[in-house]
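Peer 1: Below: one structure in C-alpha coordinates.
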Amino acid sequence: MATNATLMLCLNAPELKRDFLLSHMAELAPTYQYIEEIKPPAVYAEAEDKGLKVLCFKK
(Lines give C-alpha, C1' and ligand atoms only; values in the text may rest on other atoms or scores of the structure.)
Protein backbone atom coordinates (compact mmCIF):
# COMPACT_ATOMS: atom_id res chain seq x y z
CA MET A 1 0.00 0.00 0.00
CA ALA A 2 1.03 3.59 -0.49
CA THR A 3 2.57 5.39 2.47
CA ASN A 4 -0.11 6.76 4.80
CA ALA A 5 -2.91 4.97 2.92
CA THR A 6 -6.04 3.79 4.72
CA LEU A 7 -6.95 0.11 4.52
CA MET A 8 -10.70 -0.57 4.73
CA LEU A 9 -11.84 -4.12 5.46
CA CYS A 10 -15.47 -5.08 4.90
CA LEU A 11 -17.14 -8.25 6.17
CA ASN A 12 -20.78 -9.18 5.62
CA ALA A 13 -20.96 -12.61 7.25
CA PRO A 14 -23.50 -12.74 10.11
CA GLU A 15 -21.69 -15.64 11.80
CA LEU A 16 -18.42 -13.67 12.03
CA LYS A 17 -17.97 -10.74 14.40
CA ARG A 18 -15.67 -7.72 14.15
CA ASP A 19 -13.14 -9.59 16.34
CA PHE A 20 -12.59 -11.90 13.35
CA LEU A 21 -11.14 -8.98 11.36
CA LEU A 22 -9.20 -7.59 14.32
CA SER A 23 -7.55 -10.93 15.12
CA HIS A 24 -6.63 -11.58 11.49
CA MET A 25 -5.08 -8.13 11.16
CA ALA A 26 -3.11 -8.64 14.38
CA GLU A 27 -1.78 -11.93 13.05
CA LEU A 28 -1.27 -11.16 9.36
CA ALA A 29 -0.59 -7.42 9.32
CA PRO A 30 0.66 -6.42 12.78
CA THR A 31 2.17 -3.15 11.53
CA TYR A 32 -1.31 -1.81 10.71
CA GLN A 33 -3.13 0.08 13.43
CA TYR A 34 -6.90 0.03 13.88
CA ILE A 35 -8.26 3.57 13.52
CA GLU A 36 -12.06 3.36 13.28
CA GLU A 37 -15.17 1.39 12.54
CA ILE A 38 -17.69 2.76 10.07
CA LYS A 39 -21.10 1.91 11.46
CA PRO A 40 -24.02 1.10 9.15
CA PRO A 41 -26.96 3.55 9.01
CA ALA A 42 -29.37 3.55 11.96
CA VAL A 43 -32.01 1.75 9.90
CA TYR A 44 -29.85 -1.39 10.31
CA ALA A 45 -29.51 -1.08 14.10
CA GLU A 46 -31.38 -4.34 14.72
CA ALA A 47 -28.65 -6.21 12.82
CA GLU A 48 -25.84 -4.79 14.96
CA ASP A 49 -22.75 -7.02 14.84
CA LYS A 50 -24.60 -9.43 12.52
CA GLY A 51 -24.58 -7.28 9.40
CA LEU A 52 -21.88 -5.43 7.53
CA LYS A 53 -18.72 -4.70 9.48
CA VAL A 54 -16.35 -2.03 8.11
CA LEU A 55 -13.03 -1.47 9.91
CA CYS A 56 -10.28 0.98 8.91
CA PHE A 57 -6.55 0.59 9.54
CA LYS A 58 -3.39 2.62 8.84
CA LYS A 59 0.25 1.63 8.68
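Letters for chains follow the order of the C-alpha coordinates (A, B, ...), residue numbers begin at 1 for each chain, and ligand numbers begin at 1 in the order shown.
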Could you give me, as a PyMOL selection string, the residues within 9 Å of Thr31 of chain A, counting only C-alpha atoms and dropping anything in the same chain fewer than 4 positions from it?

Peer 2: chain A and resi 25-26+58-59

Peer 1: Write down as a list in words the residues of chain A whose backbone DSSP state falls under strand (DSSP E or B).

Peer 2: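 So, restricting chain A to strand (DSSP E or B), we get Thr6, Leu7, Met8, Leu9, Cys10, Leu11, Gln33, Tyr34, Ile35, Glu36, Glu37, Ile38, Lys53, Val54, Leu55, Cys56, Phe57 and Lys58 of chain A.
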
Peer 1: Report, in Å with one decimal, the straight-line distance from atom CA of Ile35 of chain A to atom CA of Glu15 of chain A.

Peer 2: 23.5 Å

Peer 1: Nearest residue to Asn4 of chain A out of A:Glu37, A:Leu55, A:Tyr32, A:Ala42, using only C-alpha atoms?

Peer 2: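 Looking at the shortest contact to Asn4 of chain A, the residue is A:Tyr32.
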
Peer 1: For atom CA of Lys17 of chain A and atom CA of Ala5 of chain A, determine how far apart the two atoms are, in Å to one decimal place.

Peer 2: 24.6 Å

Peer 1: Interatomic distance between atom CA of Pro40 of chain A and atom CA of Asn12 of chain A?

Peer 2: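 Result for atom CA of Pro40 of chain A versus atom CA of Asn12 of chain A: 11.4 Å, one decimal.
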
Peer 1: Need to verify the contact set: Lys50 of chain A, 10 Å, only C-alpha atoms, exclusion of same-chain residues closer than 5 positions in sequence. Can you return it as a PDB file with N, CA and C atoms, in the first residue's frame?

Peer 2:
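Heads up, here's the output in selection_27.pdb:
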ATOM      1  N   LEU A  11     -16.729  -6.872   5.923  1.00  0.00           N
ATOM      2  CA  LEU A  11     -17.140  -8.250   6.168  1.00  0.00           C
ATOM      3  C   LEU A  11     -18.650  -8.281   6.344  1.00  0.00           C
ATOM      4  N   ASN A  12     -19.321  -9.109   5.543  1.00  0.00           N
ATOM      5  CA  ASN A  12     -20.776  -9.184   5.618  1.00  0.00           C
ATOM      6  C   ASN A  12     -21.211 -10.628   5.871  1.00  0.00           C
ATOM      7  N   ALA A  13     -20.620 -11.247   6.869  1.00  0.00           N
ATOM      8  CA  ALA A  13     -20.957 -12.614   7.248  1.00  0.00           C
ATOM      9  C   ALA A  13     -21.553 -12.573   8.657  1.00  0.00           C
ATOM     10  N   PRO A  14     -22.848 -12.855   8.799  1.00  0.00           N
ATOM     11  CA  PRO A  14     -23.502 -12.737  10.105  1.00  0.00           C
ATOM     12  C   PRO A  14     -22.864 -13.604  11.192  1.00  0.00           C
ATOM     13  N   GLU A  15     -22.280 -14.732  10.801  1.00  0.00           N
ATOM     14  CA  GLU A  15     -21.686 -15.638  11.799  1.00  0.00           C
ATOM     15  C   GLU A  15     -20.326 -15.170  12.293  1.00  0.00           C
ATOM     16  N   LEU A  16     -19.723 -14.192  11.622  1.00  0.00           N
ATOM     17  CA  LEU A  16     -18.421 -13.673  12.028  1.00  0.00           C
ATOM     18  C   LEU A  16     -18.571 -12.277  12.611  1.00  0.00           C
ATOM     19  N   LYS A  17     -17.901 -12.035  13.712  1.00  0.00           N
ATOM     20  CA  LYS A  17     -17.967 -10.740  14.401  1.00  0.00           C
ATOM     21  C   LYS A  17     -16.766  -9.890  14.013  1.00  0.00           C
ATOM     22  N   ARG A  18     -16.771  -8.640  14.462  1.00  0.00           N
ATOM     23  CA  ARG A  18     -15.668  -7.720  14.150  1.00  0.00           C
ATOM     24  C   ARG A  18     -14.336  -8.234  14.678  1.00  0.00           C
ATOM     25  N   TYR A  44     -30.327  -0.027  10.137  1.00  0.00           N
ATOM     26  CA  TYR A  44     -29.851  -1.395  10.309  1.00  0.00           C
ATOM     27  C   TYR A  44     -29.464  -1.712  11.753  1.00  0.00           C
ATOM     28  N   ALA A  45     -29.894  -0.914  12.699  1.00  0.00           N
ATOM     29  CA  ALA A  45     -29.507  -1.081  14.104  1.00  0.00           C
ATOM     30  C   ALA A  45     -29.857  -2.462  14.651  1.00  0.00           C
TER      31      ALA A  45
END

Peer 1: Run DSSP on the backbone and tell me which residues of chain A come out as alpha helix (DSSP H); list them as an NGL selection string.

Peer 2: :A and (18-28)

Peer 1: Pick the closest to Leu9 of chain A from A:Gln33, A:Pro41, A:Leu21, A:Asp49: which is it, counting only C-alpha atoms?

Peer 2: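 The shortest atom-to-atom distance to Leu9 of chain A comes from A:Leu21.
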